[in-house]
Amino acid sequence: MAVTVVLPRLLADQAGGQKQFELEVPTVGAALRALPVRDLLFDERDELRPLVNVYVEGADIRERGGLEAELEGGETIRVVAAIAGG
Amino acid sequence: MGLAILVGTRKGLFVLRGDEERRSWTVDDPLLAGWDIFHAIRHDGDLYVAANNFVYGATVQRSSDLGKTWERSEGLALPEDSELTLEKTWHVEPGRNGTLWLGGAPGVLFRSEDKGATWAPVRSLIEHPTRERWNPGAGGMCTHSIQIDPEREQTMYVAISAAGVFRSDDGGETWAPKNKGTAADFMPDDPFPEVGQCVHKLLVHPAKPERLWQQNHCGVYRSDDRGENWERLEDNGLPTGFGFPIALHPTDPDVAYVVPNGDGENRVTADGRLGVYKTTDGGQSWKLASKGLPEQAWAVVLRENMAYDSLDPSGVYLGTQSGSVFVSPNEGEEWIEAASQLPPILSVEVAEWQ
């Protein structure tokens, strides 16, 4: 079963205006890497950028196995920019 | 065909469209809202933007439909063995034969042969033997100026803060420091080093390419031999030598404009006013050319915040961190506020616009 990835406005703009993606993927990392904004989520050494927060069903992936966390299908993954800056 | 000012701000790219007299300007809604637009140009009909975001990193983006849709460059990265990572994109400059150049931090240069779809880092600058003597300025160690010699096919320049000016005579394969006579007063043990100068902006005169101008942390300079020697231009009407941008005249190589700051420790305009100073004699003397500019102001004018056009008379363009764009349609005789209350302005460029 597919998972749903929801992007914030700025990333949706960079994805041609698409805010939501339905993906058949086994892990959180695979979901993020399948997006057309992959290069904005990961740096040039393929590390998730430190101010990019990712939540699966409302839980921060840092507390749920990180990018390798497996997905069952049906989950909603939300990408949220860290609250910082001006 | 009209003129537009491409105004890069901390909250997107604003396009100001002007009338024929360059006295009345309309402000369109921002493009790439939410991005720090370090620099934007229009070249061969396309928009190219150095766009950065504190969460999502450094990008170059291109639009072929005047900003309706955008494509990000792919694979913008530094070689893994360099142990450097790209911090910011700073400046896009058209080269010869379709080549585009991109300057970034930390002190890096890229070239593109496919209209900015992909970029290759210039190894010779990454591996420059003097790199260990380069240091970042307050804005990071940025390659902010890229200038192409209009006469010599293989000659080009970059300026990096705080590394200095470098010239290549082989199309970017090798780079030689060109800092003789430019001071690094902040290095008291060696105030005239080979490299390490804090150049803030470098321009080549388009009609007299042996003449270079630079606004430096430590003075305003002119070179008449493609950077081999530099003359410091001071005690000649400028309140201070410290400033960031510099603008030229499209045909008269003796004309330049600068915006002096108080000093390096308080980087606002000098004398509590927004003062543009103009020289018409190659920098031997400077006069205030600020009719119409605020007489009481402590403005911040960054290195990319001046531009000039190639019309007759030439227009001069100025942006501030306070969100104002000023235009002089007549070579500094008077200034008009073209826009105000924009987000903090990082860059201005002038472009043709239909």
# chains A, B, ... in the order shown; residues from 1 in each chain; ligands from 1

$ select_by_dssp --residues "chain A" --states "strand (DSSP E or B)" --output "list in words"
Val3, Thr4, Val5, Val6, Gln20, Phe21, Glu22, Leu23, Thr27, Phe42, Leu48, Val52, Asn53, Val54, Tyr55, Val56, Ala59, Asp60, Glu70, Thr76, Ile77, Arg78, Val79, Val80 and Ala81 of chain A

$ write_last_selection --atoms "C-alpha atoms" --output "CSV table (one decimal), in the first residue's frame"
chain,number,residue,atom,x,y,z
A,3,VAL,CA,2.3,6.1,1.7
A,4,THR,CA,1.6,9.8,1.4
A,5,VAL,CA,4.3,12.4,1.5
A,6,VAL,CA,3.2,16.0,2.2
A,20,GLN,CA,1.3,15.6,-2.0
A,21,PHE,CA,2.9,12.4,-3.4
A,22,GLU,CA,1.6,8.8,-3.2
A,23,LEU,CA,4.6,6.4,-3.2
A,27,THR,CA,11.4,3.0,4.0
A,42,PHE,CA,19.7,15.9,1.2
A,48,LEU,CA,19.5,14.7,5.3
A,52,VAL,CA,14.7,19.3,7.6
A,53,ASN,CA,12.4,17.6,10.0
A,54,VAL,CA,10.4,14.5,8.9
A,55,TYR,CA,7.4,13.1,10.8
A,56,VAL,CA,5.7,9.8,10.2
A,59,ALA,CA,6.4,11.1,15.2
A,60,ASP,CA,9.8,12.6,14.5
A,70,GLU,CA,10.3,0.6,7.5
A,76,THR,CA,1.5,10.0,6.1
A,77,ILE,CA,5.0,11.4,6.0
A,78,ARG,CA,5.2,15.2,6.6
A,79,VAL,CA,8.3,17.2,5.7
A,80,VAL,CA,8.6,20.3,7.9
A,81,ALA,CA,11.3,22.9,8.0

$ closest_atom_pairs --of "chain A" --to "chain B" --cutoff "10 Å" --atoms "only C-alpha atoms" --output "CSV"
residue,atom,partner,partner_atom,distance
A:Arg9,CA,B:Gly34,CA,9.5
A:Leu10,CA,B:Gly34,CA,6.9
A:Leu11,CA,B:Tyr56,CA,8.8
A:Asp13,CA,B:Leu32,CA,8.2
A:Gln14,CA,B:Trp70,CA,7.6
A:Ala15,CA,B:Glu71,CA,9.5
A:Gly16,CA,B:Thr69,CA,7.5
A:Gly17,CA,B:Thr69,CA,9.6
A:Val37,CA,B:Arg72,CA,9.4
A:Arg38,CA,B:Tyr56,CA,9.9
A:Asp39,CA,B:Gly75,CA,7.9
A:Leu40,CA,B:Tyr56,CA,4.7
A:Leu41,CA,B:Tyr56,CA,6.2
A:Phe42,CA,B:Tyr56,CA,8.1
A:Asp43,CA,B:Gly57,CA,7.5
A:Glu44,CA,B:Ala77,CA,5.6
A:Arg45,CA,B:Glu80,CA,7.9
A:Leu48,CA,B:Tyr56,CA,9.9
A:Arg49,CA,B:Tyr56,CA,7.1
A:Pro50,CA,B:Val55,CA,7.7
A:Leu51,CA,B:Val55,CA,5.3
A:Val52,CA,B:Val55,CA,6.5
A:Asn53,CA,B:Val55,CA,9.9
A:Val80,CA,B:Val55,CA,9.9
A:Ala81,CA,B:Val55,CA,6.6
A:Ala82,CA,B:Val55,CA,7.5
A:Ile83,CA,B:Val55,CA,9.7
A:Ala84,CA,B:Phe54,CA,9.0
A:Gly85,CA,B:Phe54,CA,7.9
A:Gly86,CA,B:Arg10,CA,9.7

$ atom_distance --atom1 "CA of Ala120 (chain B)" --atom2 "CA of Thr99 (chain B)"
11.3 Å

$ atom_distance --atom1 "CA of Tyr277 (chain B)" --atom2 "CA of Ser322 (chain B)"
19.7 Å

$ select_by_dssp --residues "region 36-265 of chain B" --states "alpha helix (DSSP H)" --output "NGL selection string"
:B and (123-126)

$ residues_around --residues "Ala30 (chain A)" --least-positions-apart "4" --cutoff "10 Å" --atoms "only C-alpha atoms" --output "list of chain:residue names"
A:Leu23, A:Glu24, A:Val25, A:Pro26, A:Ala34, A:Leu35, A:Leu67, A:Glu68, A:Ala69, A:Glu70, A:Leu71

$ atom_distance --atom1 "CA of Gly332 (chain B)" --atom2 "CA of Thr240 (chain B)"
19.3 Å

$ residues_around --residues "Gly282 (chain B)" --least-positions-apart "4" --cutoff "9 Å" --atoms "only C-alpha atoms" --output "PyMOL selection string"
chain B and resi 222+253-256

$ write_last_selection --atoms "N, CA and C atoms" --output "PDB file, in the first residue's frame"
ATOM      1  N   ARG B 222      42.002  51.371  -8.746  1.00  0.00           N
ATOM      2  CA  ARG B 222      41.900  51.281 -10.202  1.00  0.00           C
ATOM      3  C   ARG B 222      43.184  50.641 -10.723  1.00  0.00           C
ATOM      4  N   PRO B 253      35.362  55.249 -19.435  1.00  0.00           N
ATOM      5  CA  PRO B 253      36.098  54.463 -18.427  1.00  0.00           C
ATOM      6  C   PRO B 253      36.572  55.274 -17.232  1.00  0.00           C
ATOM      7  N   ASP B 254      36.429  56.599 -17.285  1.00  0.00           N
ATOM      8  CA  ASP B 254      36.860  57.433 -16.155  1.00  0.00           C
ATOM      9  C   ASP B 254      35.771  57.630 -15.112  1.00  0.00           C
ATOM     10  N   VAL B 255      34.582  57.126 -15.388  1.00  0.00           N
ATOM     11  CA  VAL B 255      33.451  57.333 -14.477  1.00  0.00           C
ATOM     12  C   VAL B 255      33.261  56.099 -13.601  1.00  0.00           C
ATOM     13  N   ALA B 256      33.038  56.333 -12.316  1.00  0.00           N
ATOM     14  CA  ALA B 256      32.663  55.251 -11.394  1.00  0.00           C
ATOM     15  C   ALA B 256      31.838  55.845 -10.270  1.00  0.00           C
TER      16      ALA B 256
END

$ closest_residue --among "B:Gly140, B:Gly107, B:Gly171, B:Gly227" --to "Leu212 (chain B)" --atoms "only C-alpha atoms"
B:Gly227

$ residues_around --residues "Val27 (chain B)" --least-positions-apart "3" --cutoff "10 Å" --atoms "only C-alpha atoms" --output "MDAnalysis selection string"
chainID B and resid 4:5 7 14:18 30 338:340 342

$ write_last_selection --atoms "N, CA and C atoms" --output "compact mmCIF listing (two decimals), in the first residue's frame"
# COMPACT_ATOMS: atom_id res chain seq x y z
N ALA B 4 13.92 46.33 -16.94
CA ALA B 4 13.48 45.86 -15.62
C ALA B 4 14.68 45.83 -14.70
N ILE B 5 14.39 46.00 -13.42
CA ILE B 5 15.41 45.81 -12.40
C ILE B 5 15.11 44.48 -11.72
N VAL B 7 15.57 42.51 -8.64
CA VAL B 7 15.93 42.85 -7.27
C VAL B 7 15.91 41.56 -6.44
N PHE B 14 12.19 40.16 -6.88
CA PHE B 14 11.20 41.13 -7.33
C PHE B 14 11.65 41.71 -8.67
N VAL B 15 10.68 41.84 -9.57
CA VAL B 15 10.95 42.45 -10.87
C VAL B 15 10.27 43.81 -10.89
N LEU B 16 11.08 44.86 -11.09
CA LEU B 16 10.55 46.22 -11.20
C LEU B 16 10.59 46.59 -12.67
N ARG B 17 9.45 46.90 -13.23
CA ARG B 17 9.39 47.24 -14.65
C ARG B 17 9.25 48.75 -14.81
N GLY B 18 10.08 49.32 -15.69
CA GLY B 18 10.15 50.76 -15.80
C GLY B 18 9.56 51.30 -17.08
N PRO B 30 6.53 38.82 -5.88
CA PRO B 30 7.84 38.16 -5.90
C PRO B 30 7.82 36.79 -6.57
N ALA B 338 12.47 54.06 -6.71
CA ALA B 338 11.65 53.24 -7.58
C ALA B 338 10.76 52.29 -6.80
N ALA B 339 11.19 51.88 -5.61
CA ALA B 339 10.41 50.98 -4.77
C ALA B 339 10.89 51.15 -3.34
N SER B 340 9.99 50.90 -2.40
CA SER B 340 10.36 50.91 -0.99
C SER B 340 9.63 49.77 -0.30
N LEU B 342 10.49 46.86 0.35
CA LEU B 342 10.79 45.49 -0.06
C LEU B 342 11.54 44.81 1.08
